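Next up, entry.cif (mmCIF, C-alpha atoms):
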data_query
loop_
_atom_site.group_PDB
_atom_site.id
_atom_site.type_symbol
_atom_site.label_atom_id
_atom_site.label_comp_id
_atom_site.auth_asym_id
_atom_site.auth_seq_id
_atom_site.Cartn_x
_atom_site.Cartn_y
_atom_site.Cartn_z
ATOM 1 C CA MET A 1 69.598 169.371 83.831
ATOM 2 C CA PRO A 2 68.210 169.816 87.371
ATOM 3 C CA LEU A 3 70.015 168.140 90.225
ATOM 4 C CA ASP A 4 69.046 164.475 90.481
ATOM 5 C CA PRO A 5 66.506 164.049 93.364
ATOM 6 C CA LYS A 6 68.648 161.345 95.007
ATOM 7 C CA VAL A 7 71.677 163.616 94.837
ATOM 8 C CA GLU A 8 69.658 166.494 96.278
ATOM 9 C CA GLN A 9 68.482 164.281 99.136
ATOM 10 C CA PHE A 10 72.053 163.139 99.812
ATOM 11 C CA LEU A 11 73.342 166.722 99.922
ATOM 12 C CA GLN A 12 70.549 167.688 102.317
ATOM 13 C CA GLU A 13 71.519 164.809 104.590
ATOM 14 C CA VAL A 14 75.121 166.016 104.544
ATOM 15 C CA ARG A 15 73.989 169.543 105.461
ATOM 16 C CA ASP A 16 71.736 168.219 108.240
ATOM 17 C CA SER A 17 74.584 166.156 109.682
ATOM 18 C CA GLY A 18 76.640 169.255 110.346
ATOM 19 C CA ALA A 19 79.709 167.606 108.838
ATOM 20 C CA PRO A 20 82.464 170.153 108.158
ATOM 21 C CA ALA A 21 83.573 170.930 104.636
ATOM 22 C CA TYR A 22 86.738 169.212 103.405
ATOM 23 C CA GLU A 23 88.688 172.460 103.639
ATOM 24 C CA ASP A 24 87.674 173.104 107.256
ATOM 25 C CA VAL A 25 89.585 170.190 108.792
ATOM 26 C CA THR A 26 93.223 169.166 108.807
ATOM 27 C CA PRO A 27 94.504 166.275 106.670
ATOM 28 C CA ALA A 28 94.974 164.185 109.819
ATOM 29 C CA GLN A 29 91.370 164.811 110.873
ATOM 30 C CA SER A 30 90.130 163.955 107.386
ATOM 31 C CA ARG A 31 91.973 160.646 107.464
ATOM 32 C CA ARG A 32 90.654 159.740 110.897
ATOM 33 C CA GLU A 33 87.097 160.545 109.838
ATOM 34 C CA ASP A 34 87.563 158.550 106.627
ATOM 35 C CA LEU A 35 88.626 155.460 108.577
ATOM 36 C CA ALA A 36 85.944 155.952 111.219
ATOM 37 C CA ALA A 37 83.258 156.171 108.564
ATOM 38 C CA LEU A 38 84.565 152.987 106.965
ATOM 39 C CA ALA A 39 84.462 151.166 110.303
ATOM 40 C CA THR A 40 81.011 152.306 111.426
ATOM 41 C CA ALA A 41 78.959 152.952 108.292
ATOM 42 C CA THR A 42 76.351 150.510 107.103
ATOM 43 C CA PRO A 43 77.143 149.946 103.414
ATOM 44 C CA SER A 44 74.338 150.788 101.023
ATOM 45 C CA ARG A 45 75.241 147.640 99.131
ATOM 46 C CA LYS A 46 77.197 144.561 100.137
ATOM 47 C CA PRO A 47 80.679 144.537 98.576
ATOM 48 C CA GLU A 48 80.802 142.224 95.578
ATOM 49 C CA SER A 49 82.584 138.882 95.715
ATOM 50 C CA VAL A 50 85.551 138.465 93.395
ATOM 51 C CA SER A 51 87.639 135.421 92.523
ATOM 52 C CA ALA A 52 90.644 136.523 94.546
ATOM 53 C CA VAL A 53 92.124 139.503 96.364
ATOM 54 C CA GLU A 54 95.863 139.742 96.970
ATOM 55 C CA HIS A 55 97.628 142.411 99.016
ATOM 56 C CA ARG A 56 101.280 143.115 98.245
ATOM 57 C CA PHE A 57 104.017 145.652 98.833
ATOM 58 C CA ILE A 58 106.101 146.700 95.856
ATOM 59 C CA PRO A 59 109.234 148.865 95.734
ATOM 60 C CA GLY A 60 108.623 152.553 95.067
ATOM 61 C CA PRO A 61 111.093 155.370 94.473
ATOM 62 C CA THR A 62 111.178 156.405 98.152
ATOM 63 C CA ALA A 63 109.174 153.742 100.029
ATOM 64 C CA ASP A 64 107.512 150.380 99.616
ATOM 65 C CA LEU A 65 103.994 150.859 98.280
ATOM 66 C CA PRO A 66 100.892 148.793 99.125
ATOM 67 C CA ILE A 67 98.892 147.488 96.194
ATOM 68 C CA ARG A 68 95.816 145.273 96.079
ATOM 69 C CA ILE A 69 95.057 142.946 93.174
ATOM 70 C CA TYR A 70 91.432 142.073 92.434
ATOM 71 C CA ARG A 71 90.651 139.204 90.067
ATOM 72 C CA PRO A 72 87.102 139.277 88.716
ATOM 73 C CA GLU A 73 84.691 136.422 89.193
ATOM 74 C CA GLY A 74 85.263 133.552 86.810
ATOM 75 C CA VAL A 75 88.951 134.041 85.980
ATOM 76 C CA GLU A 76 90.761 132.626 89.014
ATOM 77 C CA ASP A 77 91.629 129.351 87.285
ATOM 78 C CA SER A 78 91.924 130.708 83.758
ATOM 79 C CA ALA A 79 95.103 129.778 81.884
ATOM 80 C CA GLU A 80 94.668 132.710 79.500
ATOM 81 C CA LEU A 81 96.410 136.007 80.052
ATOM 82 C CA GLN A 82 93.930 138.576 81.358
ATOM 83 C CA PRO A 83 93.465 142.305 80.748
ATOM 84 C CA GLY A 84 94.735 144.506 83.573
ATOM 85 C CA LEU A 85 93.592 147.859 84.923
ATOM 86 C CA VAL A 86 95.774 150.068 87.120
ATOM 87 C CA PHE A 87 93.428 151.990 89.434
ATOM 88 C CA ILE A 88 94.569 155.247 91.067
ATOM 89 C CA HIS A 89 92.083 156.579 93.613
ATOM 90 C CA GLY A 90 91.239 160.204 94.229
ATOM 91 C CA SER A 91 90.555 162.353 97.332
ATOM 92 C CA GLY A 92 92.749 165.347 96.731
ATOM 93 C CA TRP A 93 96.154 163.591 96.965
ATOM 94 C CA VAL A 94 95.573 163.851 100.738
ATOM 95 C CA VAL A 95 93.098 161.239 102.012
ATOM 96 C CA SER A 96 91.669 157.838 101.073
ATOM 97 C CA ASN A 97 93.516 154.586 100.350
ATOM 98 C CA ILE A 98 93.036 151.170 98.790
ATOM 99 C CA GLU A 99 90.956 149.969 101.734
ATOM 100 C CA THR A 100 88.441 152.823 101.546
ATOM 101 C CA ASN A 101 88.136 152.084 97.814
ATOM 102 C CA ASP A 102 87.742 148.333 98.268
ATOM 103 C CA SER A 103 84.050 148.093 97.336
ATOM 104 C CA PHE A 104 84.545 150.155 94.201
ATOM 105 C CA SER A 105 87.615 148.152 93.178
ATOM 106 C CA ARG A 106 85.667 144.913 93.486
ATOM 107 C CA ALA A 107 82.806 146.228 91.367
ATOM 108 C CA LEU A 108 85.250 147.657 88.830
ATOM 109 C CA ALA A 109 86.969 144.290 88.409
ATOM 110 C CA ASN A 110 83.723 142.356 88.000
ATOM 111 C CA ARG A 111 82.002 144.803 85.668
ATOM 112 C CA THR A 112 84.982 145.376 83.359
ATOM 113 C CA GLY A 113 86.299 141.813 83.485
ATOM 114 C CA THR A 114 89.801 143.134 84.194
ATOM 115 C CA VAL A 115 92.325 142.329 86.888
ATOM 116 C CA VAL A 116 92.332 145.564 88.888
ATOM 117 C CA ILE A 117 95.602 146.626 90.496
ATOM 118 C CA ALA A 118 94.751 149.320 93.046
ATOM 119 C CA ILE A 119 97.695 151.575 93.906
ATOM 120 C CA ASN A 120 98.261 153.217 97.286
ATOM 121 C CA TYR A 121 100.561 156.185 96.696
ATOM 122 C CA GLN A 122 102.068 158.350 99.434
ATOM 123 C CA LYS A 123 99.894 161.295 100.397
ATOM 124 C CA ALA A 124 100.308 165.053 100.619
ATOM 125 C CA PRO A 125 101.045 167.266 102.449
ATOM 126 C CA GLU A 126 103.710 165.019 103.988
ATOM 127 C CA HIS A 127 104.625 163.856 100.479
ATOM 128 C CA LYS A 128 104.105 166.651 97.991
ATOM 129 C CA PHE A 129 104.489 166.685 94.214
ATOM 130 C CA PRO A 130 106.199 164.895 92.552
ATOM 131 C CA ILE A 131 106.213 162.023 95.077
ATOM 132 C CA PRO A 132 102.626 160.753 94.531
ATOM 133 C CA MET A 133 103.093 160.975 90.757
ATOM 134 C CA ASP A 134 106.455 159.176 90.981
ATOM 135 C CA ASP A 135 104.809 156.428 93.059
ATOM 136 C CA CYS A 136 102.046 155.911 90.493
ATOM 137 C CA TYR A 137 104.514 155.951 87.602
ATOM 138 C CA ALA A 138 106.747 153.367 89.270
ATOM 139 C CA SER A 139 103.746 151.200 90.191
ATOM 140 C CA THR A 140 102.483 151.212 86.608
ATOM 141 C CA GLN A 141 105.923 150.216 85.345
ATOM 142 C CA TRP A 142 105.987 147.412 87.925
ATOM 143 C CA VAL A 143 102.673 146.051 86.626
ATOM 144 C CA PHE A 144 104.138 145.812 83.129
ATOM 145 C CA GLU A 145 107.417 144.341 84.347
ATOM 146 C CA TYR A 146 105.661 141.592 86.282
ATOM 147 C CA ALA A 147 102.719 141.151 83.902
ATOM 148 C CA SER A 148 103.513 137.533 83.061
ATOM 149 C CA GLN A 149 103.759 136.555 86.754
ATOM 150 C CA LEU A 150 100.476 138.351 87.367
ATOM 151 C CA GLY A 151 98.813 136.567 84.446
ATOM 152 C CA LEU A 152 98.288 139.784 82.513
ATOM 153 C CA ASP A 153 98.353 140.477 78.786
ATOM 154 C CA VAL A 154 100.760 143.415 78.326
ATOM 155 C CA ASN A 155 98.789 144.546 75.281
ATOM 156 C CA ARG A 156 95.600 144.927 77.331
ATOM 157 C CA ILE A 157 96.723 146.934 80.356
ATOM 158 C CA GLY A 158 95.035 150.297 80.931
ATOM 159 C CA ILE A 159 94.808 152.888 83.669
ATOM 160 C CA LEU A 160 91.873 154.533 85.462
ATOM 161 C CA GLY A 161 91.906 157.418 87.908
ATOM 162 C CA ASP A 162 89.221 159.588 89.459
ATOM 163 C CA SER A 163 89.629 163.210 90.600
ATOM 164 C CA ALA A 164 93.195 163.585 91.929
ATOM 165 C CA GLY A 165 93.687 160.014 90.745
ATOM 166 C CA GLY A 166 92.665 161.218 87.284
ATOM 167 C CA ASN A 167 95.380 163.846 87.532
ATOM 168 C CA LEU A 168 97.925 161.168 88.425
ATOM 169 C CA ALA A 169 96.730 158.765 85.719
ATOM 170 C CA ALA A 170 96.966 161.485 83.067
ATOM 171 C CA ALA A 171 100.459 162.401 84.274
ATOM 172 C CA VAL A 172 101.554 158.755 84.149
ATOM 173 C CA CYS A 173 100.370 158.507 80.535
ATOM 174 C CA LEU A 174 102.271 161.652 79.559
ATOM 175 C CA ARG A 175 105.454 160.482 81.270
ATOM 176 C CA LEU A 176 105.281 156.984 79.785
ATOM 177 C CA ARG A 177 105.044 158.605 76.356
ATOM 178 C CA ASP A 178 107.855 161.057 77.065
ATOM 179 C CA GLU A 179 110.202 158.382 78.439
ATOM 180 C CA ASN A 180 109.316 155.700 75.861
ATOM 181 C CA GLY A 181 107.834 153.500 78.537
ATOM 182 C CA PRO A 182 105.330 150.653 78.213
ATOM 183 C CA LYS A 183 102.284 151.328 76.055
ATOM 184 C CA LEU A 184 99.022 151.560 77.932
ATOM 185 C CA ALA A 185 96.029 150.285 75.971
ATOM 186 C CA TYR A 186 93.810 153.152 77.202
ATOM 187 C CA GLN A 187 93.291 155.711 79.932
ATOM 188 C CA VAL A 188 90.036 156.364 81.787
ATOM 189 C CA LEU A 189 89.844 159.733 83.521
ATOM 190 C CA VAL A 190 86.867 160.416 85.770
ATOM 191 C CA TYR A 191 86.255 164.079 86.673
ATOM 192 C CA PRO A 192 90.039 164.572 86.561
ATOM 193 C CA ALA A 193 91.834 167.539 88.104
ATOM 194 C CA VAL A 194 94.132 168.200 85.159
ATOM 195 C CA GLN A 195 94.992 171.872 85.656
ATOM 196 C CA TYR A 196 96.267 173.769 88.686
ATOM 197 C CA GLY A 197 93.734 176.414 89.677
ATOM 198 C CA TRP A 198 90.143 176.851 90.753
ATOM 199 C CA HIS A 199 88.717 179.582 88.529
ATOM 200 C CA THR A 200 87.162 177.792 85.556
ATOM 201 C CA PRO A 201 83.490 178.556 84.816
ATOM 202 C CA SER A 202 82.416 175.226 86.367
ATOM 203 C CA ALA A 203 84.492 175.895 89.492
ATOM 204 C CA VAL A 204 82.766 179.267 89.857
ATOM 205 C CA ALA A 205 79.259 178.030 89.005
ATOM 206 C CA ASN A 206 79.543 175.060 91.400
ATOM 207 C CA ALA A 207 81.621 176.878 94.000
ATOM 208 C CA GLU A 208 79.494 175.922 97.007
ATOM 209 C CA GLY A 209 76.938 173.363 98.069
ATOM 210 C CA TYR A 210 77.929 170.347 95.970
ATOM 211 C CA LEU A 211 80.250 168.529 98.395
ATOM 212 C CA LEU A 212 83.505 169.343 96.584
ATOM 213 C CA GLN A 213 83.731 173.125 96.596
ATOM 214 C CA GLN A 214 85.912 175.753 94.957
ATOM 215 C CA ALA A 215 87.558 176.273 98.351
ATOM 216 C CA SER A 216 88.140 172.510 98.581
ATOM 217 C CA MET A 217 90.069 172.601 95.324
ATOM 218 C CA LYS A 218 92.304 175.396 96.608
ATOM 219 C CA TYR A 219 92.865 173.474 99.852
ATOM 220 C CA TYR A 220 93.876 170.258 98.111
ATOM 221 C CA TRP A 221 96.051 171.866 95.445
ATOM 222 C CA ASN A 222 97.946 173.885 98.028
ATOM 223 C CA HIS A 223 98.616 170.737 100.034
ATOM 224 C CA TYR A 224 99.886 168.939 96.911
ATOM 225 C CA ILE A 225 102.268 171.442 95.336
ATOM 226 C CA ARG A 226 105.454 172.879 96.812
ATOM 227 C CA SER A 227 105.251 176.133 94.861
ATOM 228 C CA GLU A 228 103.460 177.868 92.008
ATOM 229 C CA ALA A 229 106.156 176.491 89.714
ATOM 230 C CA ASP A 230 104.965 172.951 90.453
ATOM 231 C CA GLY A 231 101.486 173.940 89.344
ATOM 232 C CA LYS A 232 102.849 174.729 85.876
ATOM 233 C CA ASN A 233 104.684 171.414 85.510
ATOM 234 C CA PRO A 234 102.879 169.259 82.890
ATOM 235 C CA TYR A 235 103.108 166.231 85.182
ATOM 236 C CA CYS A 236 101.224 168.295 87.773
ATOM 237 C CA SER A 237 98.895 170.059 85.292
ATOM 238 C CA PRO A 238 98.563 167.647 82.346
ATOM 239 C CA LEU A 239 96.284 170.099 80.514
ATOM 240 C CA ASP A 240 99.264 172.458 80.213
ATOM 241 C CA ALA A 241 101.550 169.957 78.466
ATOM 242 C CA ALA A 242 103.005 171.358 75.245
ATOM 243 C CA ASP A 243 101.962 168.281 73.258
ATOM 244 C CA HIS A 244 99.205 165.725 73.830
ATOM 245 C CA SER A 245 99.794 163.563 70.769
ATOM 246 C CA GLY A 246 100.740 159.918 71.084
ATOM 247 C CA LEU A 247 98.616 159.273 74.162
ATOM 248 C CA PRO A 248 96.478 156.127 74.421
ATOM 249 C CA PRO A 249 92.775 156.060 73.529
ATOM 250 C CA THR A 250 91.044 158.060 76.230
ATOM 251 C CA PHE A 251 87.673 157.920 77.968
ATOM 252 C CA ILE A 252 86.731 160.970 80.034
ATOM 253 C CA TYR A 253 83.671 161.101 82.285
ATOM 254 C CA THR A 254 82.562 164.263 84.054
ATOM 255 C CA ALA A 255 79.743 165.332 86.383
ATOM 256 C CA GLU A 256 77.470 168.294 85.691
ATOM 257 C CA TYR A 257 77.443 169.778 89.216
ATOM 258 C CA ASP A 258 81.172 169.503 89.794
ATOM 259 C CA PRO A 259 83.787 172.275 90.089
ATOM 260 C CA LEU A 260 86.087 170.022 88.037
ATOM 261 C CA CYS A 261 83.654 169.539 85.148
ATOM 262 C CA ASP A 262 85.499 171.953 82.851
ATOM 263 C CA ASP A 263 88.856 170.291 83.532
ATOM 264 C CA GLY A 264 87.679 167.076 81.911
ATOM 265 C CA CYS A 265 85.930 168.876 79.058
ATOM 266 C CA HIS A 266 89.009 170.936 78.235
ATOM 267 C CA TYR A 267 91.297 167.902 78.401
ATOM 268 C CA ALA A 268 89.086 165.999 75.985
ATOM 269 C CA GLN A 269 89.286 168.915 73.558
ATOM 270 C CA LYS A 270 93.080 169.146 73.859
ATOM 271 C CA LEU A 271 93.553 165.435 73.172
ATOM 272 C CA GLN A 272 91.120 165.397 70.256
ATOM 273 C CA ALA A 273 92.957 168.335 68.678
ATOM 274 C CA CYS A 274 96.158 166.251 68.786
ATOM 275 C CA GLY A 275 94.559 163.235 67.128
ATOM 276 C CA VAL A 276 94.040 161.084 70.223
ATOM 277 C CA PRO A 277 90.877 158.941 70.074
ATOM 278 C CA VAL A 278 88.661 160.389 72.816
ATOM 279 C CA LYS A 279 85.213 159.733 74.176
ATOM 280 C CA HIS A 280 83.838 162.289 76.620
ATOM 281 C CA LYS A 281 80.569 161.921 78.479
ATOM 282 C CA MET A 282 79.145 164.275 81.070
ATOM 283 C CA TYR A 283 76.694 162.718 83.538
ATOM 284 C CA ASP A 284 73.775 165.076 84.076
ATOM 285 C CA GLY A 285 72.416 165.972 87.482
ATOM 286 C CA VAL A 286 75.232 164.457 89.574
ATOM 287 C CA ILE A 287 78.115 165.672 91.712
ATOM 288 C CA HIS A 288 81.793 164.976 92.119
ATOM 289 C CA GLY A 289 82.408 161.517 93.578
ATOM 290 C CA PHE A 290 79.244 159.920 92.237
ATOM 291 C CA ILE A 291 80.917 156.789 90.815
ATOM 292 C CA LYS A 292 81.768 155.532 94.316
ATOM 293 C CA MET A 293 78.149 155.844 95.524
ATOM 294 C CA LEU A 294 77.032 152.359 94.498
ATOM 295 C CA GLY A 295 73.597 151.596 95.852
ATOM 296 C CA VAL A 296 72.962 155.303 96.439
ATOM 297 C CA PHE A 297 73.062 156.924 92.998
ATOM 298 C CA ASP A 298 71.810 155.047 89.929
ATOM 299 C CA GLN A 299 74.461 156.802 87.856
ATOM 300 C CA ALA A 300 77.209 154.880 89.670
ATOM 301 C CA ASP A 301 75.967 151.619 88.164
ATOM 302 C CA GLU A 302 75.392 153.353 84.838
ATOM 303 C CA PHE A 303 79.020 154.471 84.845
ATOM 304 C CA LEU A 304 80.318 150.958 85.507
ATOM 305 C CA TYR A 305 78.140 149.572 82.727
ATOM 306 C CA GLU A 306 79.263 152.261 80.300
ATOM 307 C CA VAL A 307 82.964 151.982 81.046
ATOM 308 C CA SER A 308 82.674 148.209 80.656
ATOM 309 C CA GLU A 309 81.071 148.650 77.247
ATOM 310 C CA ASP A 310 83.684 151.219 76.228
ATOM 311 C CA LEU A 311 86.610 149.055 77.250
ATOM 312 C CA SER A 312 85.238 145.969 75.530
ATOM 313 C CA ALA A 313 86.044 147.591 72.190
ATOM 314 C CA ILE A 314 89.663 147.996 73.305
ATOM 315 C CA ILE A 315 90.395 144.829 75.297
ATOM 316 C CA GLY A 316 87.710 142.403 74.114
#
Please express what this file holds, its structure, as structure tokens.
Amino acid sequence: MPLDPKVEQFLQEVRDSGAPAYEDVTPAQSRREDLAALATATPSRKPESVSAVEHRFIPGPTADLPIRIYRPEGVEDSAELQPGLVFIHGSGWVVSNIETNDSFSRALANRTGTVVIAINYQKAPEHKFPIPMDDCYASTQWVFEYASQLGLDVNRIGILGDSAGGNLAAAVCLRLRDENGPKLAYQVLVYPAVQYGWHTPSAVANAEGYLLQQASMKYYWNHYIRSEADGKNPYCSPLDAADHSGLPPTFIYTAEYDPLCDDGCHYAQKLQACGVPVKHKMYDGVIHGFIKMLGVFDQADEFLYEVSEDLSAIIG
């Protein structure tokens, strides 16, 4: 499909702005620019109201970790146990946090009807693999351990991650299976980075000009891993795990003009071959990061509607 006209216009605006590519600035600069944009930008859509938002710190393996709990509209006073959704944000393991993902987390809670628990893991390159993965694993275990206090139904807790967050979510699912941990009801992986490297056909075909670039992938991966050996670890490259059986029902969403498109496609194929129930959908005409562009790209709302419909079959 051709590039969506709204996406094309957005990319032209980025080019006209003279903004540097991700890989052309340091992690510290990226974080400053991320926070500055959050403080000064006029949102394309007002953040949605939810029933309640709670900020907490929970114990992690090496540091206390911030989390933010979003309760969807209409469930604040409910006596029934609610479905929960652990949300692990992307941005290359290097930038972004629960605050910069606040608007998306609110929409995700309302549209899916789940209590969203957004995790803020420690970032690379100061905290390389396996620290971010360990943080997400420990946070997911904490959600199960304290499910009753949080008002959550342990049989209806899932996990969602996008991009690097998709990598971490997939790794958490593998490790929970390997260590006989709590059973997630499902995993949602959005354009996940599930294999170390940047030479797949989609990474080559979409190497430049679509926001996330082939060079961006190299930049982020090399900040995340300590060595090439890390890149081969299945908790770093979930696609390379020896066995993918026994994983929860999986929903994978990819973007056509995305260097990571093939990662999601290949992971769907691997899981299906091992008998895991999988749905894979590729969104035509859009780029990496589109789900966060609410009010800008129509496909962002389409994604939230679709994931809500998909999860309703699992969690009711």
For the structure provided, state which residues fall under the PyMOL selection byres ((chain A and resi 237-253) around 6), and present them as a PDB file with C-alpha atoms, keeping the file's coordinate frame.
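See out_5.pdb below for the written result:
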ATOM      1  CA  ALA A 171     100.459 162.401  84.274  1.00  0.00           C
ATOM      2  CA  TYR A 186      93.810 153.152  77.202  1.00  0.00           C
ATOM      3  CA  GLN A 187      93.291 155.711  79.932  1.00  0.00           C
ATOM      4  CA  VAL A 188      90.036 156.364  81.787  1.00  0.00           C
ATOM      5  CA  LEU A 189      89.844 159.733  83.521  1.00  0.00           C
ATOM      6  CA  VAL A 190      86.867 160.416  85.770  1.00  0.00           C
ATOM      7  CA  TYR A 191      86.255 164.079  86.673  1.00  0.00           C
ATOM      8  CA  VAL A 194      94.132 168.200  85.159  1.00  0.00           C
ATOM      9  CA  GLN A 195      94.992 171.872  85.656  1.00  0.00           C
ATOM     10  CA  TYR A 196      96.267 173.769  88.686  1.00  0.00           C
ATOM     11  CA  ASN A 233     104.684 171.414  85.510  1.00  0.00           C
ATOM     12  CA  PRO A 234     102.879 169.259  82.890  1.00  0.00           C
ATOM     13  CA  TYR A 235     103.108 166.231  85.182  1.00  0.00           C
ATOM     14  CA  CYS A 236     101.224 168.295  87.773  1.00  0.00           C
ATOM     15  CA  THR A 254      82.562 164.263  84.054  1.00  0.00           C
ATOM     16  CA  TYR A 267      91.297 167.902  78.401  1.00  0.00           C
ATOM     17  CA  LEU A 271      93.553 165.435  73.172  1.00  0.00           C
ATOM     18  CA  CYS A 274      96.158 166.251  68.786  1.00  0.00           C
ATOM     19  CA  PRO A 277      90.877 158.941  70.074  1.00  0.00           C
ATOM     20  CA  VAL A 278      88.661 160.389  72.816  1.00  0.00           C
ATOM     21  CA  LYS A 279      85.213 159.733  74.176  1.00  0.00           C
ATOM     22  CA  HIS A 280      83.838 162.289  76.620  1.00  0.00           C
ATOM     23  CA  LYS A 281      80.569 161.921  78.479  1.00  0.00           C
ATOM     24  CA  MET A 282      79.145 164.275  81.070  1.00  0.00           C
TER      25      MET A 282
END
Polymer residues at most 7 Å from (108.1, 157.0, 92.6) by only C-alpha atoms, as a CSV table (one decimal) with C-alpha atoms, in the frame of the given file:
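Output below, filename result_32.csv:
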chain,number,residue,atom,x,y,z
A,60,GLY,CA,108.6,152.6,95.1
A,61,PRO,CA,111.1,155.4,94.5
A,62,THR,CA,111.2,156.4,98.2
A,131,ILE,CA,106.2,162.0,95.1
A,132,PRO,CA,102.6,160.8,94.5
A,133,MET,CA,103.1,161.0,90.8
A,134,ASP,CA,106.5,159.2,91.0
A,135,ASP,CA,104.8,156.4,93.1
A,136,CYS,CA,102.0,155.9,90.5
A,137,TYR,CA,104.5,156.0,87.6
A,138,ALA,CA,106.7,153.4,89.3
For the file shown, what are the residues hit by the PyMOL selection byres ((chain A and resi 84) around 7), laid out as a ChimeraX atom specification? /A:82-83,85-86,114-116,152,156-158
Hits from the PyMOL selection byres ((chain A and resi 262) around 10), listed as JSON, numbers by chain: {"A": [191, 192, 193, 194, 195, 200, 201, 202, 203, 254, 255, 256, 258, 259, 260, 261, 263, 264, 265, 266, 267, 268]}
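The smallest atom-to-atom distance between Ile314 in chain A and any of A:Ala207, A:Ala185, A:Ala28, A:Ala169, using only C-alpha atoms, is found for A:Ala185.
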Can you tell me, as a list in words, what residues are no more than 12 Å from Gln9 in chain A when counting only C-alpha atoms, ignoring any on the same chain fewer than 5 positions away?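 Returned residues: Leu3, Asp4, Val14, Arg15, Asp16, Tyr210, Val286, Val296 and Phe297 of chain A.
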For CA of Glu54 in chain A and CA of Ser312 in chain A, determine how far apart the two atoms are, in Å to one decimal place.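 Going from CA of Glu54 in chain A over to CA of Ser312 in chain A, I get 24.7 Å.
All protein, DNA and RNA residues at most 12 Å from (73.9, 169.1, 101.9) are Lys6, Val7, Glu8, Gln9, Phe10, Leu11, Gln12, Glu13, Val14, Arg15, Asp16, Ser17, Gly18, Ala19, Pro20, Ala21, Glu208, Gly209, Tyr210, Leu211, Leu212, Gln213 and Ile287 of chain A, using all atoms listed in the file.
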Go ahead and compute the interatomic distance for CA of Ala147 in chain A and CA of Gly275 in chain A, in Å to one decimal.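 According to the coordinates, CA of Ala147 in chain A and CA of Gly275 in chain A are separated by 28.9 Å.
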Would you please work out which residue, of A:His288, A:His199, A:Lys183, A:Arg226, is nearest to Pro125 in chain A when using only C-alpha atoms?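 Checking each of A:His288, A:His199, A:Lys183, A:Arg226 against Pro125 in chain A, counting only C-alpha atoms, the winner is A:Arg226.
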Find the residues around Asn120 in chain A up to 12 Å (all atoms listed in the file counted), leave out those fewer than 5 positions away in its own chain, and share them as a VMD selection string. chain A and resid 55 to 60 63 to 69 86 to 91 93 to 102 132 to 140 165 168
Around all the atoms of range 5-11 of chain A listed in the file, with 5 Å of room on each side, what axis-aligned box do you get, giving centre and edge lengths in Å to one decimal, as lines of an AutoDock Vina configuration file?
center_x = 69.9
center_y = 164.0
center_z = 96.6
size_x = 16.8
size_y = 15.4
size_z = 16.6
Minimum-distance residue to Leu150 in chain A, chosen among A:Ala118, A:Ala205, A:Leu81, A:Ala273 (using all atoms listed in the file): A:Leu81
